[in-house]
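A.B. asks: The structure under discussion is supplied below as structure tokens; questions concerning it will follow.
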Amino acid sequence: MNEKELEILEILEGNARTPLETIADMIDLEKQEVETIIKSLEERDIILNYQAVINWDHVPSNDGVTAMIDVKVAPKREIGFDGVAERIYRFPEVKAVYLMSGAYDLSVQIEGKTMKEVAFFVSKKLSTLDSVLSTTTHFLLKKYKHDGVIFEPEQKDKRAVVSP
Amino acid sequence: MKQLSPKNYLSETARSIKPSGIRRFFDLANEMEGVISLGVGEPDFVTSWNICEAAYASMESGYTSYSANAGLLELRQEISAYLQQQFQLEYDAEKEIIVTTGASQAIDLAFRALVDPGDEVLIAEPGFVAYAPIVQLAGGIPVPVPTTADNHFKLTAEQLDSYVNEKTKLVLLCFPNNPTGATLKREELDKLAAVIRRHDLLVLSDEIYAELSYDQSHCSIAALPEMAERTVVISGFSKAFAMTGWRLGYLAGPASLLQAMLKIHQYTMMCAPTIAQHGALEALRNGREDVDKMVASYRRRRNYFVKASNRIGLPCHMPGGAFYAFPSIRDTGLTSEQFAEQLLQEERVAVVPGSVFGAGGEGHVRCSYAASMEALQTAIERIGRFVEKRL
């Protein structure tokens, strides 16, 4: 990984919609070169996807719920944690799965329309998996910061308009 | 309230000082809505949280009294280590460093301690608006040495030499420069240093933008042979650590000069704000990573803005430091003040007319690229539209 690749990743992580020409100006390359580097980062599975960070709380029709579930797992000899994780992340309701150190093994993030829907998913789909020993469900009440983005920031520039 | 006649009551010195050209512009821009400002002389980052947190913690622990006149010894020791590590400068924390209320106070102290009535101070211009008035307040005579766009606003030894006479006492250098972004390499400083030594002059080197050097690391004139003893270095936390509102700067120089400045400091200021000093301690101990990130971010914005500025018809050299671009607006046929005023009225973009920065600034405007990429892109669109109508 070279310097220019890292710079492109940083720029895209901040704003994935930065135009190629602008990136080229910012890091002193030609547009063509930037395009080639990004293509290579995509092919090497370093850049996986381009997503917007959305504050769904500001979307009027949105009334979904999110839950973080601590899952204790008895890993099977053949498949280990990865196999159990796969059986969980295949469900479309599951938005994220992480293997954790500490008191539990898998952290599973689920989105549903209602608390009831999430609760049903946990009791019907998750707890019934062979390797799952126990689950603890935490409902998310408010997002303050996500992926480095503060959700209700004070946008205003507090500096004077002109200063020496 | 009834107003007394300024002529009868104000000191002659106070009356002789010109109001800052920036002020009028500020009033104009401040009243408008939807202005994109490239007129700001400070970082667009807020101070890193660990620094703010250290300041809170110091208040909680009751560090709310005066510090030593020269500043917390602990802080001076950190400054000494920092100057050594970053710029290979050797200063004794006990006698050769004074913590001040911003670099502005440091400039004031230095001029007060070094300038006698009638002494001439050479100032490379365009430059920061406060130098000349502070020299005047100290009774000295500011002598502008104009740098030029052809030479990327670098001060040359020949230029400097041609302005020295028997009254010349001191040379003020500010590189990386506000407003031009110009920097000086070691070889270029070497030549200036030779002139300065030959005429037995002192140097006041304002290095507040030193960390914001993008193409090579900053070289201080005080690091050159036989220069430390005749140089007072001024710096601070405002630009590199995004701490402008904390008002914290420092002086570093030979004890014989610094002790006189300390005398003035203890009568006029007592000490720099203690809470800010605790924040600064944290900045020096754990701020490196954030400084590097901010510098990388300014560098990218510089690259973008300067290239875009050239594309839309405002020729601009690639500045080596600070966060200012200083494009030429001559091709529009406007003066820098007309340009800035019309741009503000028509397109709601605030830039600062080059003329306010003294000799050699006319024909240019200062654009601060310490603004978000989105703001810079919109500003370039608007300025491009504005310029197109006039070329």
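Convention: chains lettered A, B, ... in structure tokens order; per-chain residue numbering from 1; ligands numbered from 1 as shown.
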At most 6 Å is the cut-off: for each residue in chain A with any atom that close to an atom of chain B, write down the nearest atom pair and the distance in Å rounded to one decimal, counting only C-alpha atoms, chain first then increasing number, as CSV.

C.D. replies:
residue,atom,partner,partner_atom,distance
A:Asp25,CA,B:Tyr304,CA,4.6
A:Met26,CA,B:Arg300,CA,4.2
A:Ile27,CA,B:Arg300,CA,5.9
A:Val161,CA,B:Ser37,CA,5.8
A:Val162,CA,B:Gly39,CA,4.5
A:Ser163,CA,B:Val40,CA,5.0
A:Pro164,CA,B:Gly41,CA,5.3

A.B. asks: Write the residues you've just listed into a file as an mmCIF file, in the first residue's frame, and include N, CA and C atoms for each of them.

C.D. replies:
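As written to disk, again29.cif reads:
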data_model
loop_
_atom_site.group_PDB
_atom_site.id
_atom_site.type_symbol
_atom_site.label_atom_id
_atom_site.label_comp_id
_atom_site.auth_asym_id
_atom_site.auth_seq_id
_atom_site.Cartn_x
_atom_site.Cartn_y
_atom_site.Cartn_z
ATOM 1 N N ASP A 25 -6.451 16.663 -8.064
ATOM 2 C CA ASP A 25 -5.849 17.940 -7.645
ATOM 3 C C ASP A 25 -5.292 17.833 -6.234
ATOM 4 N N MET A 26 -6.085 17.230 -5.344
ATOM 5 C CA MET A 26 -5.713 17.206 -3.932
ATOM 6 C C MET A 26 -4.414 16.454 -3.684
ATOM 7 N N ILE A 27 -4.177 15.398 -4.452
ATOM 8 C CA ILE A 27 -2.980 14.598 -4.149
ATOM 9 C C ILE A 27 -1.976 14.631 -5.284
ATOM 10 N N VAL A 161 -16.100 35.986 10.140
ATOM 11 C CA VAL A 161 -16.079 35.835 8.683
ATOM 12 C C VAL A 161 -14.736 36.273 8.088
ATOM 13 N N VAL A 162 -14.183 37.320 8.642
ATOM 14 C CA VAL A 162 -12.900 37.824 8.161
ATOM 15 C C VAL A 162 -12.023 38.098 9.374
ATOM 16 N N SER A 163 -10.784 37.618 9.344
ATOM 17 C CA SER A 163 -9.857 37.935 10.434
ATOM 18 C C SER A 163 -8.446 37.967 9.869
ATOM 19 N N PRO A 164 -7.546 38.702 10.538
ATOM 20 C CA PRO A 164 -6.210 38.864 9.964
ATOM 21 C C PRO A 164 -5.415 37.578 9.983
#

A.B. asks: When DSSP is applied to the backbone of this structure, which of stretch 271-336 of chain B are assigned strand (DSSP E or B)? Write them out as an MDAnalysis selection string.

C.D. replies: chainID B and resid 321 324:325 328

A.B. asks: Keeping only C-alpha atoms, write those residues as a PDB file, in the first residue's frame.

C.D. replies:
ATOM      1  CA  GLY B 321       3.175  26.856   3.863  1.00  0.00           C
ATOM      2  CA  TYR B 324      -3.311  30.898   2.335  1.00  0.00           C
ATOM      3  CA  ALA B 325      -3.290  31.172  -1.423  1.00  0.00           C
ATOM      4  CA  SER B 328      -3.013  37.610  -8.729  1.00  0.00           C
TER       5      SER B 328
END

A.B. asks: Can you list, as a PyMOL selection string, all residues belonging to stretch 157-369 of chain B that DSSP tags as helix (DSSP H, G or I)?

C.D. replies: chain B and resi 157-163+186-198+221-223+228-230+244-246+255-268+274-286+288-311+330-332+336-347+354-357

A.B. asks: Write a file of the just-selected residues containing C-alpha atoms, as an mmCIF file, in the first residue's frame.

C.D. replies:
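Written output follows (result.cif):
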data_model
loop_
_atom_site.group_PDB
_atom_site.id
_atom_site.type_symbol
_atom_site.label_atom_id
_atom_site.label_comp_id
_atom_site.auth_asym_id
_atom_site.auth_seq_id
_atom_site.Cartn_x
_atom_site.Cartn_y
_atom_site.Cartn_z
ATOM 1 C CA ALA B 157 19.451 38.882 0.495
ATOM 2 C CA GLU B 158 19.951 41.607 -2.156
ATOM 3 C CA GLN B 159 16.595 43.180 -1.351
ATOM 4 C CA LEU B 160 17.258 43.074 2.355
ATOM 5 C CA ASP B 161 20.756 44.507 1.937
ATOM 6 C CA SER B 162 19.470 47.445 -0.093
ATOM 7 C CA TYR B 163 17.182 48.569 2.732
ATOM 8 C CA ARG B 186 17.788 26.757 4.408
ATOM 9 C CA GLU B 187 19.994 27.999 1.522
ATOM 10 C CA GLU B 188 17.815 31.075 1.119
ATOM 11 C CA LEU B 189 17.895 31.769 4.854
ATOM 12 C CA ASP B 190 21.673 31.321 4.840
ATOM 13 C CA LYS B 191 22.033 34.235 2.449
ATOM 14 C CA LEU B 192 19.732 36.447 4.518
ATOM 15 C CA ALA B 193 21.635 35.467 7.656
ATOM 16 C CA ALA B 194 24.915 36.569 6.072
ATOM 17 C CA VAL B 195 23.503 40.054 5.430
ATOM 18 C CA ILE B 196 22.076 40.209 8.949
ATOM 19 C CA ARG B 197 25.385 39.237 10.549
ATOM 20 C CA ARG B 198 27.380 41.598 8.335
ATOM 21 C CA ILE B 221 16.851 31.039 10.953
ATOM 22 C CA ALA B 222 17.846 30.597 14.599
ATOM 23 C CA ALA B 223 19.203 27.152 13.725
ATOM 24 C CA ALA B 228 20.717 31.994 17.735
ATOM 25 C CA GLU B 229 22.378 34.790 19.692
ATOM 26 C CA ARG B 230 20.832 37.500 17.526
ATOM 27 C CA THR B 244 -6.475 30.447 18.340
ATOM 28 C CA GLY B 245 -9.031 31.278 21.031
ATOM 29 C CA TRP B 246 -6.765 30.033 23.808
ATOM 30 C CA ALA B 255 18.597 35.084 27.947
ATOM 31 C CA SER B 256 20.107 38.578 27.768
ATOM 32 C CA LEU B 257 17.239 39.731 25.530
ATOM 33 C CA LEU B 258 14.491 37.536 26.958
ATOM 34 C CA GLN B 259 15.023 38.704 30.530
ATOM 35 C CA ALA B 260 14.186 42.284 29.469
ATOM 36 C CA MET B 261 11.046 41.034 27.758
ATOM 37 C CA LEU B 262 10.115 39.135 30.904
ATOM 38 C CA LYS B 263 10.409 42.364 32.897
ATOM 39 C CA ILE B 264 7.886 44.042 30.593
ATOM 40 C CA HIS B 265 5.709 40.939 30.566
ATOM 41 C CA GLN B 266 5.469 40.781 34.342
ATOM 42 C CA TYR B 267 4.273 44.388 34.526
ATOM 43 C CA THR B 268 1.882 44.325 31.593
ATOM 44 C CA THR B 274 -2.965 29.250 33.338
ATOM 45 C CA ILE B 275 -5.832 27.123 32.073
ATOM 46 C CA ALA B 276 -4.701 27.577 28.486
ATOM 47 C CA GLN B 277 -1.179 26.619 29.555
ATOM 48 C CA HIS B 278 -2.483 23.303 30.847
ATOM 49 C CA GLY B 279 -4.188 22.726 27.516
ATOM 50 C CA ALA B 280 -0.926 23.527 25.744
ATOM 51 C CA LEU B 281 0.938 20.985 27.871
ATOM 52 C CA GLU B 282 -1.406 18.287 26.611
ATOM 53 C CA ALA B 283 -1.017 19.591 23.051
ATOM 54 C CA LEU B 284 2.761 19.161 23.176
ATOM 55 C CA ARG B 285 2.625 15.798 24.925
ATOM 56 C CA ASN B 286 -0.102 14.109 22.929
ATOM 57 C CA ARG B 288 1.474 15.143 17.318
ATOM 58 C CA GLU B 289 -0.872 12.776 15.547
ATOM 59 C CA ASP B 290 -3.597 15.393 15.231
ATOM 60 C CA VAL B 291 -1.147 18.007 13.942
ATOM 61 C CA ASP B 292 0.037 15.595 11.259
ATOM 62 C CA LYS B 293 -3.546 14.873 10.246
ATOM 63 C CA MET B 294 -4.421 18.549 10.025
ATOM 64 C CA VAL B 295 -1.295 19.284 8.000
ATOM 65 C CA ALA B 296 -2.151 16.464 5.558
ATOM 66 C CA SER B 297 -5.633 17.871 5.221
ATOM 67 C CA TYR B 298 -4.405 21.438 4.572
ATOM 68 C CA ARG B 299 -1.929 20.130 2.013
ATOM 69 C CA ARG B 300 -4.683 18.452 -0.010
ATOM 70 C CA ARG B 301 -6.871 21.514 0.138
ATOM 71 C CA ARG B 302 -3.948 23.707 -0.896
ATOM 72 C CA ASN B 303 -3.245 21.481 -3.887
ATOM 73 C CA TYR B 304 -6.871 21.559 -4.939
ATOM 74 C CA PHE B 305 -7.446 25.262 -4.404
ATOM 75 C CA VAL B 306 -4.282 26.536 -6.059
ATOM 76 C CA LYS B 307 -4.713 24.347 -9.139
ATOM 77 C CA ALA B 308 -8.374 25.313 -9.410
ATOM 78 C CA SER B 309 -7.513 28.986 -8.972
ATOM 79 C CA ASN B 310 -5.044 28.821 -11.861
ATOM 80 C CA ARG B 311 -7.653 27.052 -13.998
ATOM 81 C CA ARG B 330 -4.458 41.870 -12.111
ATOM 82 C CA ASP B 331 -5.988 40.380 -15.260
ATOM 83 C CA THR B 332 -9.445 41.429 -14.070
ATOM 84 C CA SER B 336 -7.669 44.153 -4.853
ATOM 85 C CA GLU B 337 -10.186 46.110 -2.817
ATOM 86 C CA GLN B 338 -12.617 46.429 -5.744
ATOM 87 C CA PHE B 339 -12.199 42.749 -6.480
ATOM 88 C CA ALA B 340 -12.916 41.688 -2.911
ATOM 89 C CA GLU B 341 -15.849 44.039 -2.529
ATOM 90 C CA GLN B 342 -17.514 43.155 -5.836
ATOM 91 C CA LEU B 343 -16.907 39.436 -5.297
ATOM 92 C CA LEU B 344 -18.589 39.685 -1.930
ATOM 93 C CA GLN B 345 -21.565 41.644 -3.282
ATOM 94 C CA GLU B 346 -22.080 39.589 -6.422
ATOM 95 C CA GLU B 347 -21.106 36.089 -5.423
ATOM 96 C CA GLY B 354 -3.936 42.042 -0.697
ATOM 97 C CA SER B 355 -3.459 45.763 -0.164
ATOM 98 C CA VAL B 356 -4.246 45.461 3.551
ATOM 99 C CA PHE B 357 -1.072 43.391 3.982
#

A.B. asks: As a count of residues only, please: the residues near B:Gly140 (cut-off 7 Å, only C-alpha atoms, same-chain neighbours under 2 positions excluded).

C.D. replies: 11

A.B. asks: I'd like the neighbourhood of B:Gly236 as a PyMOL selection string, where a residue qualifies if any of its atoms comes within 8 Å (using only C-alpha atoms), though same-chain residues fewer than 5 positions away should be ignored.

C.D. replies: chain B and resi 102-103+208+248-250

A.B. asks: Grab the atom CA of A:Ala67 to atom CA of A:Phe91 distance for me, in Å with one decimal place.

C.D. replies: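 We find that atom CA of A:Ala67 and atom CA of A:Phe91 lie 14.5 Å from each other.
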